[in-house]
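Please read the structure below before turning to the comments.
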Amino acid sequence: MAGLAEVYDYAAALAEFDASRSTVRDLVEAGIASMPPLFISTTNYPPTDILAIPTVDLSLPFSSSVPLVAAAARTCGFFHVTNHGIDAGAALSAVRAFHELPPAAADFGRLPAACRDALVEYLRCIEELGKKMARLLSEALGVGAERLDTATQVEGWLMACNYYPPCPEPSRVEGAVEHTDPSLFTVLAQDGIGGLQVRINGGDNDGQWVDVPPVPGALLVNVGDVLKLVSNNEYHSVGHRVMIKSTQDARASLAVFFNPAMSGGDSNLLGPLQELITSEKPAMCRSFTMTEFMDYRRKFGHGKLSTDQFRVALE
């Protein structure tokens with residue numbers, strides 16, 4: 001018997017779904033008992049372990065936080081931060097409230113004032129936290145606390161408001177497929193539903209998937225592909241994905257991507273910091289611009305598929 005992939009026309013099904021102007025939430029609210037083949041993942045999901053992500057307490061002296069950040073960024077590429085002084089609750093509620101508006105009222109080009117005000121305030125606060133994260137990640141490289149910002153002009157580049165509806169068959173779908181982030185680093189706020197998984201102890205297509213449970217009140221920071229290159233591969237940008245965990249409750253999250261400022265356009269060349277290039281460890285990649293980086297990511301995909309385009313051949 002032919003397999004599902006051989007008899008099911010995914011492209012036609014996607015086109016039909018798009019033309020219907022429906023959403024996944026519409027399907028769930030219609031009371032479907034099983035997901036349409038369009039949304040079923042072909043990946044097998046074995047049971048996963050739980051990863052204890054390192055935690056950095058920002059109430060500690062700066063010098064005490066640096067080694068914790070250094071260890072996390074060089075291994076799993078993720079760490080929680082606590083005592084950061086930011087209440088993400090209102091912003092997450094705004095994300096949920098917007099996505100649960102009736103379809104006719106959910107205009108993505110014009111956020112309702114209640115949602116907009118909470119998100120603008122959150123972004124203001126998180127940009128201040130981003131400056132502190134940039135200093136910690138820079139100091140943890142051993143190049144001084146201001147070097148990363150001097151070289152890249154770190155700014156909050158994009159805020160992604162994510163909403164994952166409950167699913168009648170959570171074990172058969174992915175909320176977000178495996179990817180790495182096109183950023184220097186990302187700061188994530190999430191509710192208590194969970195579902196984030198990261199790949200450890202392996203390369204881009206190897207390694208073990210582990211669950212990263214939410215920590216109440218904590219924000220999650222992860223290294224992106226750009227920082228991996230700028231750090232001369234000292235830091236790890238690891239694959240992660242979101243699995244659907246509940247048949248009853250939706251998951252909301254809020255990711256802010258910090259990246260080099262784009263104001264300089266193609267005149268702003270990026271590459272490994274000179275202090276990290278030695279005879280024992282030469283430059284692992286050539287210089288590039290953010291425009292080129294994003295073009296390659298769109299063309300080749302995330303992680304090594306795109307970052308290897310900048311790799312320098314070593315003798």
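So you can find residues: chains in the structure tokens are A, B, ... in the order shown, residues in each start at 1, and ligands are numbered from 1 in order.
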Inset, instruction - Would you list the contacts of Asp181 of chain A as an MDAnalysis selection string, taking every protein, DNA or RNA residue within 8 Å and counting only C-alpha atoms, but skipping same-chain residues closer than 6 positions in sequence? - result: chainID A and resid 223:225 237 302:303
Selected residues, C-alpha atoms, written as a compact mmCIF listing (two decimals), in the first residue's frame, please.
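What landed in part-v4.txt:
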```txt
# COMPACT_ATOMS: atom_id res chain seq x y z
CA VAL A 223 22.57 31.98 21.68
CA GLY A 224 21.74 32.60 18.00
CA ASP A 225 23.63 31.82 14.81
CA SER A 237 23.62 27.93 18.75
CA HIS A 302 18.89 27.47 9.50
CA GLY A 303 21.99 26.42 11.45
```
Inset, instruction - Identify, on the basis of only C-alpha atoms, every residue whose closest approach to Tyr163 of chain A does not exceed 8 Å; exclude the query and any residue fewer than 4 positions from it along the same chain; express the result as a PyMOL selection string. - result: chain A and resi 95-96+99+250-253
Please save N, CA, C and O atoms of the selected residues as an mmCIF file, in the first residue's frame.
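Just written: result03.cif:
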```
data_model
loop_
_atom_site.group_PDB
_atom_site.id
_atom_site.type_symbol
_atom_site.label_atom_id
_atom_site.label_comp_id
_atom_site.auth_asym_id
_atom_site.auth_seq_id
_atom_site.Cartn_x
_atom_site.Cartn_y
_atom_site.Cartn_z
ATOM 1 N N VAL A 95 -0.716 38.721 24.282
ATOM 2 C CA VAL A 95 -0.533 37.801 23.160
ATOM 3 C C VAL A 95 -1.712 36.839 23.082
ATOM 4 O O VAL A 95 -2.304 36.617 22.017
ATOM 5 N N ARG A 96 -2.063 36.276 24.222
ATOM 6 C CA ARG A 96 -3.179 35.319 24.255
ATOM 7 C C ARG A 96 -4.498 36.003 23.880
ATOM 8 O O ARG A 96 -5.283 35.482 23.076
ATOM 9 N N HIS A 99 -4.753 36.703 20.044
ATOM 10 C CA HIS A 99 -4.957 35.510 19.226
ATOM 11 C C HIS A 99 -6.305 34.853 19.484
ATOM 12 O O HIS A 99 -6.763 34.048 18.662
ATOM 13 N N ALA A 250 -4.020 26.337 25.449
ATOM 14 C CA ALA A 250 -3.130 26.945 24.465
ATOM 15 C C ALA A 250 -1.844 27.402 25.162
ATOM 16 O O ALA A 250 -1.824 27.686 26.359
ATOM 17 N N ARG A 251 -0.767 27.461 24.380
ATOM 18 C CA ARG A 251 0.520 27.970 24.884
ATOM 19 C C ARG A 251 0.816 29.318 24.242
ATOM 20 O O ARG A 251 0.632 29.498 23.043
ATOM 21 N N ALA A 252 1.255 30.277 25.058
ATOM 22 C CA ALA A 252 1.658 31.588 24.546
ATOM 23 C C ALA A 252 3.115 31.837 24.915
ATOM 24 O O ALA A 252 3.564 31.464 26.005
ATOM 25 N N SER A 253 3.848 32.437 23.999
ATOM 26 C CA SER A 253 5.235 32.805 24.276
ATOM 27 C C SER A 253 5.551 34.091 23.537
ATOM 28 O O SER A 253 4.851 34.496 22.604
#
```
Inset, instruction - From the DSSP assignment of the backbone, select every residue of segment 169-223 of chain A that is strand (DSSP E or B), and format the answer as a list in words. - result: Glu174, Gly175, Ala176, Val177, Glu178, His179, Phe185, Thr186, Val187, Leu188, Ala189, Gln190, Leu196, Gln197, Val198, Arg199, Ile200, Gln208, Trp209, Val210, Asp211, Leu219, Leu220, Val221, Asn222 and Val223 of chain A
Legend entry - Interatomic distance, atom CA of Tyr235 of chain A to atom CA of Thr307 of chain A (Å, one decimal):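 Spanning atom CA of Tyr235 of chain A to atom CA of Thr307 of chain A is a straight-line distance of 13.5 Å.
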Inset, instruction - Measuring atom to atom with only C-alpha atoms, identify which of A:Met159, A:Leu58, A:Val66, A:Leu38 is nearest to Ser138 of chain A. - result: A:Val66
Legend entry - Residues within 12 Å of Ile126 of chain A, only C-alpha atoms, excluding chain neighbours under 6 positions, as a PyMOL selection string: chain A and resi 84-88+91+119-120+132-133+155-159+186-189+219-221+254-258
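Residues in contact with Glu292 of chain A at 10 Å, where only C-alpha atoms are counted and same-chain residues fewer than 4 positions away are skipped, are listed as Asp266, Leu269, Phe288, Tyr296, Arg297, Arg298 and Phe310 of chain A.
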Residues just named, written with N, CA and C atoms as an mmCIF file, in the first residue's frame:
```cif
data_model
loop_
_atom_site.group_PDB
_atom_site.id
_atom_site.type_symbol
_atom_site.label_atom_id
_atom_site.label_comp_id
_atom_site.auth_asym_id
_atom_site.auth_seq_id
_atom_site.Cartn_x
_atom_site.Cartn_y
_atom_site.Cartn_z
ATOM 1 N N ASP A 266 24.997 47.545 4.371
ATOM 2 C CA ASP A 266 26.080 46.645 3.984
ATOM 3 C C ASP A 266 27.455 47.159 4.397
ATOM 4 N N LEU A 269 30.302 45.331 8.449
ATOM 5 C CA LEU A 269 30.788 43.964 8.314
ATOM 6 C C LEU A 269 30.877 43.309 9.680
ATOM 7 N N PHE A 288 30.946 39.059 6.967
ATOM 8 C CA PHE A 288 29.645 39.054 6.287
ATOM 9 C C PHE A 288 28.822 40.226 6.779
ATOM 10 N N TYR A 296 21.319 34.243 2.903
ATOM 11 C CA TYR A 296 21.774 32.852 2.918
ATOM 12 C C TYR A 296 20.835 31.986 3.743
ATOM 13 N N ARG A 297 20.305 32.541 4.824
ATOM 14 C CA ARG A 297 19.383 31.755 5.651
ATOM 15 C C ARG A 297 18.114 31.426 4.873
ATOM 16 N N ARG A 298 17.606 32.407 4.140
ATOM 17 C CA ARG A 298 16.411 32.146 3.325
ATOM 18 C C ARG A 298 16.707 31.122 2.229
ATOM 19 N N PHE A 310 29.705 30.612 5.277
ATOM 20 C CA PHE A 310 30.725 31.605 5.653
ATOM 21 C C PHE A 310 31.990 30.933 6.182
#
```
Inset, instruction - Please run DSSP on the backbone and report, as a VMD selection string, all residues within segment 152-244 of chain A that come out as alpha helix (DSSP H). - result: chain A and resid 152 225 to 230
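Among A:Ala30, A:Ala140, A:Val24, A:Ile193, the residue with the shortest atom-to-atom distance to Ser246 of chain A, counting only C-alpha atoms, is A:Ile193.
With only C-alpha atoms as the basis for measurement, A:Pro54 is the residue among A:Pro272, A:Pro36, A:Pro182, A:Pro54 that approaches Thr82 of chain A most closely.
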Inset, instruction - Choose the residue, out of A:Ala70, A:Cys125, A:Ala15, A:Ala90, that has the smallest atom-to-atom separation from Leu137 of chain A; count only C-alpha atoms. - result: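 Of the candidates, the smallest distance to Leu137 of chain A is held by A:Ala70.
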Inset, instruction - Using only C-alpha atoms, determine which residues lie at most 9 Å from Val226 of chain A, disregarding the query and same-chain residues fewer than 4 positions distant; provide the list as an MDAnalysis selection string. - result: chainID A and resid 181:185 230:231 237 259:260 270:271 290 293 307
